[in-house]
Amino acid sequence: MAQERLTMKKIKEILRLKHEAGLSNRAIAGACKISNSTVGEYLRRAEASGIGWPLGELSEDEIYQKMFGEQPQLPEKAKPLPDWEEVRKELCKKGVTLHLIWIEYIEKNPDGYKRSQFEEYYRRWKKTHCEPSMHNTHIGGERMQVDYSGLKMQMINPETGEISQVSVFVAELPASNYLYAEAQSSENQCNWNNGHVRAIEYFGGVVRIVIPDNLKTGVTKPNYYEPDINPAYQELAEHYQFAVLPARVKKPKDYPEVFIIPKFLFLAKN
């Protein structure tokens, strides 16, 4: 039952990001921390079951039954197909062609798809799952990158002269390099969420995608919620209708741009 509830949580978020945010399967997979194939499978089942977005008055049990009860198999599942991601990796090797991969496939699966069908299925998969590797092209108002600056700043109380260390929350619109920054007393969940709210107010609008450099700042108990977004952060995303797409580990292209911290910052009172 617990696994079923976890699955339903993922399904609802996948449908929201697909139909409400308009994200690609790859982007949804990154946001939900699941594989591209799982996203595709859930969307396929939802479509076959007549489930769209918004979900309306359907209960979670009804949605689960519709999607995972007995359903007629679609034509694509009538015959075995290879792992297309592995096929893509093989094609990167010198001398390997899709024709050679099909020959190996048909030797293992004599009743498998003919060459033309096999190659067509691969082209469909590649069109949906593969994106060209290039420098990021940012669209105005589409994304906001958020993070805490690595260096802390000193704040001096003008009345007592007491010096304290403050963290710097930074948000940037990468298409224009438009920057918002504020000093915060600590890097807790409340400050993190409120920093987003003030950045949105400062920019005067809501983006479609928010990219945090380190998702742990949006998770209060990683050992319990991992790999899911902290519930409070998730509620913030749903309220403002943006998707959270964390930067991947060891993927420099995903990381926020270099932040230039202004000399004077506002100290958030949280």
# chains A, B, ... in the order shown; residues from 1 in each chain; ligands from 1
$ residues_around --residues "Lys126 (chain A)" --least-positions-apart "5" --cutoff "10 Å" --atoms "only C-alpha atoms" --output "NGL selection string"
:A and (84-85 or 88 or 120-121 or 131)
$ write_last_selection --atoms "C-alpha atoms" --output "tab-separated table (two decimals), in the first residue's frame"
chain	number	residue	atom	x	y	z
A	84	TRP	CA	16.90	2.00	-26.62
A	85	GLU	CA	19.31	3.80	-24.31
A	88	ARG	CA	22.08	4.68	-28.46
A	120	GLU	CA	11.16	3.50	-36.94
A	121	TYR	CA	10.69	2.68	-33.23
A	131	GLU	CA	18.32	16.20	-26.94
$ residues_around --residues "region 205-213 of chain A" --least-positions-apart "4" --cutoff "6 Å" --atoms "only C-alpha atoms" --output "VMD selection string"
chain A and resid 141 to 147 200 242 to 247 255
$ closest_residue --among "A:Asn36, A:Phe169, A:Ala175, A:His129" --to "Arg198 (chain A)" --atoms "only C-alpha atoms"
A:Phe169
$ closest_residue --among "A:Lys12, A:His138, A:Lys127, A:His239" --to "Leu173 (chain A)" --atoms "only C-alpha atoms"
A:His138
$ residues_around --residues "Asn109 (chain A)" --least-positions-apart "2" --cutoff "12 Å" --atoms "only C-alpha atoms" --output "list in words"
Lys79, Pro80, Leu81, Pro82, Trp102, Ile103, Glu104, Tyr105, Ile106, Glu107, Asp111, Gly112, Tyr113, Lys114 and Phe118 of chain A
$ write_last_selection --atoms "N, CA and C atoms" --output "mmCIF file, in the first residue's frame"
data_model
loop_
_atom_site.group_PDB
_atom_site.id
_atom_site.type_symbol
_atom_site.label_atom_id
_atom_site.label_comp_id
_atom_site.auth_asym_id
_atom_site.auth_seq_id
_atom_site.Cartn_x
_atom_site.Cartn_y
_atom_site.Cartn_z
ATOM 1 N N LYS A 79 5.582 -7.187 -29.210
ATOM 2 C CA LYS A 79 6.829 -7.900 -29.443
ATOM 3 C C LYS A 79 7.929 -7.260 -28.601
ATOM 4 N N PRO A 80 8.948 -8.045 -28.258
ATOM 5 C CA PRO A 80 10.023 -7.486 -27.428
ATOM 6 C C PRO A 80 10.817 -6.419 -28.174
ATOM 7 N N LEU A 81 11.237 -5.422 -27.437
ATOM 8 C CA LEU A 81 12.076 -4.364 -27.989
ATOM 9 C C LEU A 81 13.297 -4.186 -27.088
ATOM 10 N N PRO A 82 14.415 -3.777 -27.646
ATOM 11 C CA PRO A 82 15.625 -3.607 -26.827
ATOM 12 C C PRO A 82 15.552 -2.354 -25.968
ATOM 13 N N TRP A 102 20.144 -4.296 -35.422
ATOM 14 C CA TRP A 102 18.907 -5.025 -35.756
ATOM 15 C C TRP A 102 19.199 -6.494 -36.054
ATOM 16 N N ILE A 103 20.323 -6.766 -36.735
ATOM 17 C CA ILE A 103 20.680 -8.159 -37.044
ATOM 18 C C ILE A 103 20.866 -8.954 -35.750
ATOM 19 N N GLU A 104 21.570 -8.353 -34.763
ATOM 20 C CA GLU A 104 21.743 -9.029 -33.478
ATOM 21 C C GLU A 104 20.396 -9.210 -32.770
ATOM 22 N N TYR A 105 19.553 -8.216 -32.897
ATOM 23 C CA TYR A 105 18.231 -8.273 -32.268
ATOM 24 C C TYR A 105 17.386 -9.395 -32.847
ATOM 25 N N ILE A 106 17.370 -9.510 -34.174
ATOM 26 C CA ILE A 106 16.510 -10.502 -34.813
ATOM 27 C C ILE A 106 17.040 -11.920 -34.606
ATOM 28 N N GLU A 107 18.357 -12.049 -34.393
ATOM 29 C CA GLU A 107 18.920 -13.363 -34.072
ATOM 30 C C GLU A 107 18.441 -13.844 -32.701
ATOM 31 N N ASP A 111 11.016 -13.760 -33.948
ATOM 32 C CA ASP A 111 9.667 -13.243 -34.228
ATOM 33 C C ASP A 111 9.565 -11.746 -33.984
ATOM 34 N N GLY A 112 10.714 -11.085 -33.882
ATOM 35 C CA GLY A 112 10.712 -9.656 -33.585
ATOM 36 C C GLY A 112 10.320 -8.815 -34.775
ATOM 37 N N TYR A 113 10.485 -7.515 -34.634
ATOM 38 C CA TYR A 113 10.080 -6.575 -35.670
ATOM 39 C C TYR A 113 11.028 -6.625 -36.870
ATOM 40 N N LYS A 114 10.457 -6.358 -38.040
ATOM 41 C CA LYS A 114 11.263 -6.247 -39.253
ATOM 42 C C LYS A 114 12.156 -5.019 -39.148
ATOM 43 N N PHE A 118 11.705 -1.739 -36.764
ATOM 44 C CA PHE A 118 12.701 -1.595 -35.705
ATOM 45 C C PHE A 118 13.334 -0.208 -35.743
#
$ select_by_dssp --residues "region 6-149 of chain A" --states "alpha helix (DSSP H)" --output "NGL selection string"
:A and (6-19 or 25-32 or 36-48 or 60-68 or 84-91 or 98-108 or 115-129)
$ write_last_selection --atoms "C-alpha atoms" --output "CSV table (one decimal), in the first residue's frame"
chain,number,residue,atom,x,y,z
A,6,LEU,CA,4.3,6.7,-3.5
A,7,THR,CA,3.6,5.7,-7.1
A,8,MET,CA,0.4,7.8,-7.1
A,9,LYS,CA,2.4,10.8,-5.9
A,10,LYS,CA,4.8,10.4,-8.8
A,11,ILE,CA,2.0,9.9,-11.3
A,12,LYS,CA,0.1,13.0,-10.2
A,13,GLU,CA,3.3,15.1,-10.4
A,14,ILE,CA,4.2,13.7,-13.8
A,15,LEU,CA,0.7,14.6,-15.2
A,16,ARG,CA,1.0,18.1,-13.7
A,17,LEU,CA,4.4,18.8,-15.2
A,18,LYS,CA,3.3,17.4,-18.6
A,19,HIS,CA,0.0,19.0,-19.0
A,25,ASN,CA,9.7,13.6,-20.8
A,26,ARG,CA,13.4,14.1,-20.1
A,27,ALA,CA,12.8,17.3,-18.0
A,28,ILE,CA,10.0,15.5,-16.1
A,29,ALA,CA,12.3,12.6,-15.4
A,30,GLY,CA,14.9,14.9,-14.0
A,31,ALA,CA,12.4,16.8,-11.8
A,32,CYS,CA,10.9,13.6,-10.4
A,36,ASN,CA,12.7,8.6,-18.9
A,37,SER,CA,11.2,5.2,-19.7
A,38,THR,CA,9.1,5.3,-16.4
A,39,VAL,CA,7.8,8.7,-17.3
A,40,GLY,CA,6.8,7.4,-20.8
A,41,GLU,CA,5.2,4.3,-19.4
A,42,TYR,CA,3.1,6.3,-16.8
A,43,LEU,CA,2.0,8.8,-19.5
A,44,ARG,CA,1.1,5.9,-21.9
A,45,ARG,CA,-1.0,4.2,-19.2
A,46,ALA,CA,-2.7,7.4,-18.3
A,47,GLU,CA,-3.6,8.1,-22.0
A,48,ALA,CA,-4.8,4.5,-22.5
A,60,GLU,CA,-6.2,7.9,-6.0
A,61,ASP,CA,-7.6,4.3,-5.8
A,62,GLU,CA,-9.7,4.8,-8.9
A,63,ILE,CA,-6.7,6.3,-10.8
A,64,TYR,CA,-4.4,3.5,-9.8
A,65,GLN,CA,-7.0,0.8,-10.8
A,66,LYS,CA,-7.6,2.4,-14.2
A,67,MET,CA,-3.8,2.6,-14.9
A,68,PHE,CA,-2.6,-0.6,-13.4
A,84,TRP,CA,16.9,2.0,-26.6
A,85,GLU,CA,19.3,3.8,-24.3
A,86,GLU,CA,21.7,0.9,-24.7
A,87,VAL,CA,21.2,1.0,-28.4
A,88,ARG,CA,22.1,4.7,-28.5
A,89,LYS,CA,25.3,4.0,-26.6
A,90,GLU,CA,26.2,1.2,-29.0
A,91,LEU,CA,25.7,3.5,-31.9
A,98,LEU,CA,21.5,0.5,-36.6
A,99,HIS,CA,21.4,-2.3,-39.2
A,100,LEU,CA,24.0,-4.3,-37.4
A,101,ILE,CA,22.1,-3.9,-34.1
A,102,TRP,CA,18.9,-5.0,-35.8
A,103,ILE,CA,20.7,-8.2,-37.0
A,104,GLU,CA,21.7,-9.0,-33.5
A,105,TYR,CA,18.2,-8.3,-32.3
A,106,ILE,CA,16.5,-10.5,-34.8
A,107,GLU,CA,18.9,-13.4,-34.1
A,108,LYS,CA,17.8,-13.3,-30.4
A,115,ARG,CA,14.2,-3.9,-39.9
A,116,SER,CA,12.0,-0.9,-41.1
A,117,GLN,CA,9.7,-1.2,-38.0
A,118,PHE,CA,12.7,-1.6,-35.7
A,119,GLU,CA,14.4,1.5,-37.1
A,120,GLU,CA,11.2,3.5,-36.9
A,121,TYR,CA,10.7,2.7,-33.2
A,122,TYR,CA,14.2,3.8,-32.5
A,123,ARG,CA,13.7,7.1,-34.4
A,124,ARG,CA,10.5,7.7,-32.3
A,125,TRP,CA,12.4,7.0,-29.1
A,126,LYS,CA,15.3,9.2,-30.1
A,127,LYS,CA,13.0,12.1,-31.0
A,128,THR,CA,11.3,11.9,-27.6
A,129,HIS,CA,14.2,11.2,-25.3
$ residues_around --residues "Val166 (chain A)" --least-positions-apart "2" --cutoff "7 Å" --atoms "only C-alpha atoms" --output "list in words"
Lys152, Met153, Gln154, Met155, Ser164, Val168, Ala183, Gln184, Ser185 and Ser186 of chain A
$ write_last_selection --atoms "N, CA and C atoms" --output "JSON list (two decimals), in the first residue's frame"
[["chain", "number", "residue", "atom", "x", "y", "z"],
["A", 152, "LYS", "N", 29.84, 33.63, 2.86],
["A", 152, "LYS", "CA", 28.92, 34.36, 3.71],
["A", 152, "LYS", "C", 29.42, 35.79, 3.89],
["A", 153, "MET", "N", 28.51, 36.65, 4.28],
["A", 153, "MET", "CA", 28.85, 38.05, 4.49],
["A", 153, "MET", "C", 28.69, 38.43, 5.95],
["A", 154, "GLN", "N", 29.36, 39.50, 6.33],
["A", 154, "GLN", "CA", 29.26, 39.99, 7.70],
["A", 154, "GLN", "C", 28.18, 41.07, 7.79],
["A", 155, "MET", "N", 27.38, 40.97, 8.85],
["A", 155, "MET", "CA", 26.36, 41.98, 9.10],
["A", 155, "MET", "C", 26.66, 42.63, 10.45],
["A", 164, "SER", "N", 27.72, 39.51, 12.85],
["A", 164, "SER", "CA", 27.22, 38.14, 12.64],
["A", 164, "SER", "C", 27.38, 37.76, 11.17],
["A", 168, "VAL", "N", 23.76, 34.30, 1.78],
["A", 168, "VAL", "CA", 23.24, 35.11, 0.67],
["A", 168, "VAL", "C", 22.45, 34.22, -0.28],
["A", 183, "ALA", "N", 20.27, 38.85, 1.89],
["A", 183, "ALA", "CA", 20.96, 38.22, 3.02],
["A", 183, "ALA", "C", 19.92, 37.57, 3.92],
["A", 184, "GLN", "N", 20.24, 36.39, 4.42],
["A", 184, "GLN", "CA", 19.33, 35.66, 5.30],
["A", 184, "GLN", "C", 20.08, 35.21, 6.55],
["A", 185, "SER", "N", 19.37, 35.17, 7.65],
["A", 185, "SER", "CA", 20.01, 34.82, 8.92],
["A", 185, "SER", "C", 20.46, 33.37, 8.97],
["A", 186, "SER", "N", 19.79, 32.49, 8.22],
["A", 186, "SER", "CA", 20.17, 31.07, 8.19],
["A", 186, "SER", "C", 19.61, 30.45, 6.92]]
$ select_by_dssp --residues "region 29-147 of chain A" --states "strand (DSSP E)" --output "ChimeraX atom specification"
/A:143-147
$ closest_residue --among "A:Ala237, A:Val170, A:Ile229, A:Cys190" --to "Leu151 (chain A)" --atoms "only C-alpha atoms"
A:Val170
$ decode --residues "region 92-112 of chain A" --atoms "N, CA and C atoms" --output "PDB file, in the first residue's frame"
ATOM      1  N   CYS A  92      27.259   4.896 -30.653  1.00  0.00           N
ATOM      2  CA  CYS A  92      28.372   5.840 -30.490  1.00  0.00           C
ATOM      3  C   CYS A  92      29.722   5.182 -30.760  1.00  0.00           C
ATOM      4  N   LYS A  93      29.731   3.863 -30.793  1.00  0.00           N
ATOM      5  CA  LYS A  93      30.984   3.143 -31.022  1.00  0.00           C
ATOM      6  C   LYS A  93      31.313   3.105 -32.521  1.00  0.00           C
ATOM      7  N   LYS A  94      32.572   3.120 -32.810  1.00  0.00           N
ATOM      8  CA  LYS A  94      33.040   3.138 -34.194  1.00  0.00           C
ATOM      9  C   LYS A  94      32.609   1.864 -34.930  1.00  0.00           C
ATOM     10  N   GLY A  95      32.027   2.043 -36.115  1.00  0.00           N
ATOM     11  CA  GLY A  95      31.663   0.907 -36.969  1.00  0.00           C
ATOM     12  C   GLY A  95      30.306   0.293 -36.674  1.00  0.00           C
ATOM     13  N   VAL A  96      29.634   0.728 -35.623  1.00  0.00           N
ATOM     14  CA  VAL A  96      28.333   0.159 -35.260  1.00  0.00           C
ATOM     15  C   VAL A  96      27.225   0.938 -35.951  1.00  0.00           C
ATOM     16  N   THR A  97      26.326   0.221 -36.613  1.00  0.00           N
ATOM     17  CA  THR A  97      25.191   0.854 -37.283  1.00  0.00           C
ATOM     18  C   THR A  97      23.889   0.272 -36.736  1.00  0.00           C
ATOM     19  N   LEU A  98      22.797   0.952 -37.002  1.00  0.00           N
ATOM     20  CA  LEU A  98      21.491   0.471 -36.558  1.00  0.00           C
ATOM     21  C   LEU A  98      21.138  -0.841 -37.254  1.00  0.00           C
ATOM     22  N   HIS A  99      21.617  -1.006 -38.463  1.00  0.00           N
ATOM     23  CA  HIS A  99      21.368  -2.258 -39.192  1.00  0.00           C
ATOM     24  C   HIS A  99      22.043  -3.439 -38.494  1.00  0.00           C
ATOM     25  N   LEU A 100      23.290  -3.244 -38.048  1.00  0.00           N
ATOM     26  CA  LEU A 100      23.998  -4.321 -37.355  1.00  0.00           C
ATOM     27  C   LEU A 100      23.313  -4.656 -36.033  1.00  0.00           C
ATOM     28  N   ILE A 101      22.833  -3.622 -35.338  1.00  0.00           N
ATOM     29  CA  ILE A 101      22.131  -3.864 -34.075  1.00  0.00           C
ATOM     30  C   ILE A 101      20.837  -4.621 -34.319  1.00  0.00           C
ATOM     31  N   TRP A 102      20.144  -4.296 -35.422  1.00  0.00           N
ATOM     32  CA  TRP A 102      18.907  -5.025 -35.756  1.00  0.00           C
ATOM     33  C   TRP A 102      19.199  -6.494 -36.054  1.00  0.00           C
ATOM     34  N   ILE A 103      20.323  -6.766 -36.735  1.00  0.00           N
ATOM     35  CA  ILE A 103      20.680  -8.159 -37.044  1.00  0.00           C
ATOM     36  C   ILE A 103      20.866  -8.954 -35.750  1.00  0.00           C
ATOM     37  N   GLU A 104      21.570  -8.353 -34.763  1.00  0.00           N
ATOM     38  CA  GLU A 104      21.743  -9.029 -33.478  1.00  0.00           C
ATOM     39  C   GLU A 104      20.396  -9.210 -32.770  1.00  0.00           C
ATOM     40  N   TYR A 105      19.553  -8.216 -32.897  1.00  0.00           N
ATOM     41  CA  TYR A 105      18.231  -8.273 -32.268  1.00  0.00           C
ATOM     42  C   TYR A 105      17.386  -9.395 -32.847  1.00  0.00           C
ATOM     43  N   ILE A 106      17.370  -9.510 -34.174  1.00  0.00           N
ATOM     44  CA  ILE A 106      16.510 -10.502 -34.813  1.00  0.00           C
ATOM     45  C   ILE A 106      17.040 -11.920 -34.606  1.00  0.00           C
ATOM     46  N   GLU A 107      18.357 -12.049 -34.393  1.00  0.00           N
ATOM     47  CA  GLU A 107      18.920 -13.363 -34.072  1.00  0.00           C
ATOM     48  C   GLU A 107      18.441 -13.844 -32.701  1.00  0.00           C
ATOM     49  N   LYS A 108      18.309 -12.907 -31.750  1.00  0.00           N
ATOM     50  CA  LYS A 108      17.828 -13.256 -30.416  1.00  0.00           C
ATOM     51  C   LYS A 108      16.302 -13.352 -30.364  1.00  0.00           C
ATOM     52  N   ASN A 109      15.643 -12.624 -31.264  1.00  0.00           N
ATOM     53  CA  ASN A 109      14.177 -12.593 -31.288  1.00  0.00           C
ATOM     54  C   ASN A 109      13.693 -12.852 -32.711  1.00  0.00           C
ATOM     55  N   PRO A 110      13.656 -14.119 -33.140  1.00  0.00           N
ATOM     56  CA  PRO A 110      13.272 -14.444 -34.527  1.00  0.00           C
ATOM     57  C   PRO A 110      11.906 -13.904 -34.921  1.00  0.00           C
ATOM     58  N   ASP A 111      11.016 -13.760 -33.948  1.00  0.00           N
ATOM     59  CA  ASP A 111       9.667 -13.243 -34.228  1.00  0.00           C
ATOM     60  C   ASP A 111       9.565 -11.746 -33.984  1.00  0.00           C
ATOM     61  N   GLY A 112      10.714 -11.085 -33.882  1.00  0.00           N
ATOM     62  CA  GLY A 112      10.712  -9.656 -33.585  1.00  0.00           C
ATOM     63  C   GLY A 112      10.320  -8.815 -34.775  1.00  0.00           C
TER      64      GLY A 112
END
